[in-house]
Structure formats: C-alpha cells, structure tokens
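Here the structure is laid out as structure tokens; the discussion comes afterwards.
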Amino acid sequence: MKQGIFYGVGIGPGDPELITRKAVRILESCPVIAAPQTGGERTLALEIARQAADLSGKTIVTLPFAMSRDREKQRAAHEAAVEAIVPHLREGRDVAMLNLGDVSIYATYGYLMGLIQEQGFETEMIPGVPSFCAAAARLGISLTEMNQPLHILPAGGCAVEEELALTGTKVLMKSGKRLPQVVDALKADGRLEKSSAVLNCGLPGEQVYRDLAQLPEDPGYFLTVIVKG
C-alpha cells in the first residue's frame, strides 16, 4: 500500500487572503488536516484555513502543544503529535499540518517533520507568507536596502542588547512578554524612534504601533517589532 505524505502548510499570518493557491490546493486534496492547538480549545490556524479552503468532510486531528520552553515538555508534545499522525500515513492518507506564517520559520512542523522522516515517510513543505513580511507591508516600510542585512530574531532567545547591536534591520518576533526590556533597550540605544510594531497582524484586533511607548504593558503573543538601522 502506498504510504501517505506529511505536508507542512504555511497559511500566512492570519489574513485568509494571504493563503497561497498552492496551500489551498494541498489542504483540499488531503483527507486529513492536523491542526495545532495552543492554550484552551482554540485552533487558530484551522479557523483561518477554513476561510480560504473547503475542509468539509476532512478528518481533523488536533495537536495540543504547550507554550513552554521546557525541552522535555516540547519533545513529549512532538512525539504525541507524531503518534496521532503516523497511523493515517500508514493507511495511505496524506496529512496536511497547518502552520501560521511560513512553515520554515520557527515552525513546529520542522520538529515533527524530522521525527516522521525517521520513520520512513515522505514529507513536503508548502511555503507561506511570513508574519514579519506582512507586518512590514502593513507598516508601509521596506525591510532591507542594498547591502543591508536583515535579522529575524526570537525575542526570548537571547539578550535584547545583543540583538540590537547587529547591523541592519532587526525583526523581533513574538516579543510580547519581553516588551518592557525591548523598549528599555531601544531607549538606551537611541533607536526607539526607528522602531515600530504590529500586534496580531492579519488577525481580528490587529493594531499598528509607530510609537512603541503606546503599546499595552502585556500586548500578547503575536507581537512583531521591526527596528530599522
């Protein structure tokens, strides 16, 4: 029996109009949709995908993931997700896993892809619009100029001061929890006026901030800060 293919499908930052035609085709052709679930019972990526693709009649496999930096907890969640997906692949059913933004940028799919490849299954990545590209478009700014580097940084991954010392444009992704440190570092570095942000880009409740001092104290998870120069 032919085995199923495990697809990672980038569905963009939130606006269903930014989902690519290829992503829609793959989602509509796969009999099984794997939908990440983080916090509560909401499956945000599935809600977005349903606005662009006809998912009626699909088998929906919910994948609970803990919002934790604990590597053991992450590994356990990834292994549980693989156990839920593999039986469908063995039965010859293609599985499409939804990923916000692009499937190659800080995407959970990458971890599962490796584990599933180890079991001998075919995988394929379907790219999507990255959240920082959508945020830059929303702000009406260019991320790069000739010979200028672009740094995509996880705001919780290293010291903010080290991130800001890099030459070129800095994108601080998912920086909501570290916003006070980010703002303080930008003030000290004299770059606060060169910074802007988009909260919940492409989602209901989207907010654009050209003055980071106007950001709420705890803006939430989906905050993208762009620092020019």
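Here, A, B, ... name the chains of the structure tokens in the order displayed, residue numbers run from 1 inside each chain, and ligands are numbered from 1 in the same displayed order.
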
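Residue neighbourhood of range 168-174 of chain A, excluding near-sequence residues (fewer than 6 positions): Phe132, Leu143, Thr144, Gln148, Pro149, Leu150, His151, Ile152, Leu153, Pro154, Ala155, Gly156, Tyr221, Phe222, Leu223, Thr224, Val225, Ile226, Val227, Lys228 and Gly229 of chain A, at 8 Å, using only C-alpha atoms.
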
Would you output that residue set with N, CA and C atoms, as a short mmCIF file (atom, residue, chain, number, x, y, z; two decimals), in the first residue's frame?
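Written file, out25.cif:
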```cif
data_model
loop_
_atom_site.label_atom_id
_atom_site.label_comp_id
_atom_site.auth_asym_id
_atom_site.auth_seq_id
_atom_site.Cartn_x
_atom_site.Cartn_y
_atom_site.Cartn_z
N PHE A 132 6.43 38.62 9.53
CA PHE A 132 7.18 39.89 9.52
C PHE A 132 7.08 40.58 8.17
N LEU A 143 11.93 46.31 4.46
CA LEU A 143 12.77 45.66 5.46
C LEU A 143 14.25 45.80 5.15
N THR A 144 14.61 45.91 3.88
CA THR A 144 16.02 45.95 3.51
C THR A 144 16.26 46.99 2.43
N GLN A 148 22.15 45.79 2.83
CA GLN A 148 21.76 45.86 4.25
C GLN A 148 21.23 44.49 4.70
N PRO A 149 21.80 43.94 5.77
CA PRO A 149 21.33 42.64 6.24
C PRO A 149 19.99 42.75 6.97
N LEU A 150 19.32 41.61 7.06
CA LEU A 150 18.07 41.51 7.78
C LEU A 150 18.19 40.38 8.79
N HIS A 151 17.87 40.66 10.05
CA HIS A 151 17.99 39.67 11.12
C HIS A 151 16.61 39.33 11.66
N ILE A 152 16.26 38.04 11.62
CA ILE A 152 14.99 37.57 12.16
C ILE A 152 15.31 36.91 13.50
N LEU A 153 14.82 37.49 14.57
CA LEU A 153 15.27 37.09 15.90
C LEU A 153 14.10 36.69 16.80
N PRO A 154 14.25 35.59 17.54
CA PRO A 154 13.24 35.25 18.56
C PRO A 154 13.49 36.10 19.78
N ALA A 155 12.54 36.94 20.14
CA ALA A 155 12.79 37.92 21.19
C ALA A 155 13.15 37.28 22.53
N GLY A 156 12.72 36.05 22.74
CA GLY A 156 13.06 35.39 24.00
C GLY A 156 14.29 34.53 23.92
N TYR A 221 0.98 37.42 22.60
CA TYR A 221 1.99 36.59 21.95
C TYR A 221 2.38 37.08 20.57
N PHE A 222 1.41 37.49 19.76
CA PHE A 222 1.67 37.79 18.35
C PHE A 222 2.05 39.26 18.15
N LEU A 223 3.21 39.63 18.67
CA LEU A 223 3.73 40.99 18.52
C LEU A 223 5.03 40.92 17.73
N THR A 224 5.08 41.66 16.62
CA THR A 224 6.28 41.72 15.79
C THR A 224 6.83 43.14 15.83
N VAL A 225 8.06 43.29 16.31
CA VAL A 225 8.72 44.59 16.40
C VAL A 225 9.77 44.68 15.30
N ILE A 226 9.78 45.79 14.57
CA ILE A 226 10.76 45.99 13.50
C ILE A 226 11.61 47.21 13.86
N VAL A 227 12.92 46.99 13.91
CA VAL A 227 13.88 48.06 14.26
C VAL A 227 14.74 48.32 13.03
N LYS A 228 14.67 49.53 12.51
CA LYS A 228 15.44 49.92 11.34
C LYS A 228 16.82 50.46 11.75
N GLY A 229 17.84 49.97 11.09
CA GLY A 229 19.18 50.50 11.31
C GLY A 229 19.85 50.02 12.58
#
```

Could you pull the residues within 8 Å of range 205-212 of chain A, counting only C-alpha atoms, minus those fewer than 5 positions along the same chain, as a PDB file with N, CA, C and O atoms, in the first residue's frame?
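Once everything was written out, this is around07.pdb:
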```
ATOM      1  N   ARG A 138       2.114  46.102   6.226  1.00  0.00           N
ATOM      2  CA  ARG A 138       1.082  46.852   6.963  1.00  0.00           C
ATOM      3  C   ARG A 138       1.606  48.204   7.432  1.00  0.00           C
ATOM      4  O   ARG A 138       0.875  49.195   7.437  1.00  0.00           O
ATOM      5  N   LEU A 139       2.890  48.240   7.803  1.00  0.00           N
ATOM      6  CA  LEU A 139       3.519  49.484   8.241  1.00  0.00           C
ATOM      7  C   LEU A 139       3.940  50.366   7.066  1.00  0.00           C
ATOM      8  O   LEU A 139       4.238  51.549   7.246  1.00  0.00           O
ATOM      9  N   VAL A 183      11.702  47.760  24.998  1.00  0.00           N
ATOM     10  CA  VAL A 183      11.538  49.218  24.978  1.00  0.00           C
ATOM     11  C   VAL A 183      12.682  49.906  25.714  1.00  0.00           C
ATOM     12  O   VAL A 183      13.246  50.903  25.239  1.00  0.00           O
ATOM     13  N   LEU A 192      14.538  53.989  19.620  1.00  0.00           N
ATOM     14  CA  LEU A 192      13.101  53.861  19.847  1.00  0.00           C
ATOM     15  C   LEU A 192      12.307  54.509  18.715  1.00  0.00           C
ATOM     16  O   LEU A 192      11.283  53.984  18.274  1.00  0.00           O
ATOM     17  N   GLU A 193      12.798  55.656  18.222  1.00  0.00           N
ATOM     18  CA  GLU A 193      12.091  56.369  17.151  1.00  0.00           C
ATOM     19  C   GLU A 193      12.209  55.640  15.812  1.00  0.00           C
ATOM     20  O   GLU A 193      11.457  55.934  14.876  1.00  0.00           O
ATOM     21  N   SER A 195      11.759  52.445  15.523  1.00  0.00           N
ATOM     22  CA  SER A 195      11.104  51.162  15.740  1.00  0.00           C
ATOM     23  C   SER A 195       9.594  51.277  15.592  1.00  0.00           C
ATOM     24  O   SER A 195       9.000  52.319  15.870  1.00  0.00           O
ATOM     25  N   SER A 196       8.987  50.198  15.148  1.00  0.00           N
ATOM     26  CA  SER A 196       7.533  50.133  15.016  1.00  0.00           C
ATOM     27  C   SER A 196       7.114  48.683  15.236  1.00  0.00           C
ATOM     28  O   SER A 196       7.945  47.779  15.304  1.00  0.00           O
ATOM     29  N   ALA A 197       5.815  48.478  15.351  1.00  0.00           N
ATOM     30  CA  ALA A 197       5.346  47.123  15.668  1.00  0.00           C
ATOM     31  C   ALA A 197       3.939  46.910  15.143  1.00  0.00           C
ATOM     32  O   ALA A 197       3.176  47.857  14.943  1.00  0.00           O
ATOM     33  N   VAL A 198       3.619  45.650  14.929  1.00  0.00           N
ATOM     34  CA  VAL A 198       2.258  45.249  14.590  1.00  0.00           C
ATOM     35  C   VAL A 198       1.861  44.123  15.540  1.00  0.00           C
ATOM     36  O   VAL A 198       2.604  43.155  15.716  1.00  0.00           O
ATOM     37  N   LEU A 199       0.715  44.279  16.133  1.00  0.00           N
ATOM     38  CA  LEU A 199       0.166  43.270  17.039  1.00  0.00           C
ATOM     39  C   LEU A 199      -0.969  42.538  16.337  1.00  0.00           C
ATOM     40  O   LEU A 199      -1.829  43.167  15.724  1.00  0.00           O
ATOM     41  N   ASN A 200      -0.927  41.197  16.400  1.00  0.00           N
ATOM     42  CA  ASN A 200      -1.972  40.369  15.783  1.00  0.00           C
ATOM     43  C   ASN A 200      -2.133  40.680  14.293  1.00  0.00           C
ATOM     44  O   ASN A 200      -3.250  40.869  13.801  1.00  0.00           O
TER      45      ASN A 200
END
```

Could you list, as a list in words, every residue within 8 Å of Gln3 in chain A, counting only C-alpha atoms and ignoring same-chain residues fewer than 6 positions away?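 Residues near the query, excluding close chain neighbours: Leu89, Arg90, Glu91, Gly92, Arg93, Asp94 and Phe121 of chain A.
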
Go ahead and dump the residues you just picked, C-alpha atoms, as an mmCIF file, in the first residue's frame.
```
data_model
loop_
_atom_site.group_PDB
_atom_site.id
_atom_site.type_symbol
_atom_site.label_atom_id
_atom_site.label_comp_id
_atom_site.auth_asym_id
_atom_site.auth_seq_id
_atom_site.Cartn_x
_atom_site.Cartn_y
_atom_site.Cartn_z
ATOM 1 C CA LEU A 89 0.170 7.918 6.838
ATOM 2 C CA ARG A 90 0.477 4.151 7.202
ATOM 3 C CA GLU A 91 -3.047 3.772 5.818
ATOM 4 C CA GLY A 92 -2.068 5.794 2.753
ATOM 5 C CA ARG A 93 -3.803 9.041 3.751
ATOM 6 C CA ASP A 94 -1.969 12.308 3.135
ATOM 7 C CA PHE A 121 7.568 8.675 5.456
#
```

Return as number ranges by chain the full set of residues in chain A whose backbone-based DSSP assignment is alpha helix (DSSP H). A: 21-29, 44-49, 71-90, 109-118, 131-139, 160-164, 179-189

For range 63-79 of chain A, find every residue with an atom within 12 Å (counting only C-alpha atoms), except residues of its own chain fewer than 4 positions away, and show them as a PyMOL selection string. chain A and resi 33-46+83-86+97-99+108-116+156-157+221

Extract the full set of strand (DSSP E) residues from range 28-224 of chain A according to DSSP on the backbone, and format it as number ranges by chain. A: 32-37, 59-64, 95-99, 122-126, 150-154, 169-173, 195-199, 207-209, 223-224

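Remark: for Gln214 in chain A, the closest of the candidate residues A:Cys201, A:Gly190, A:Pro180, A:Gln119 is A:Pro180 (distances computed over only C-alpha atoms).
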
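Going from CA of Pro204 in chain A over to CA of Ile141 in chain A, you cover 21.8 Å.
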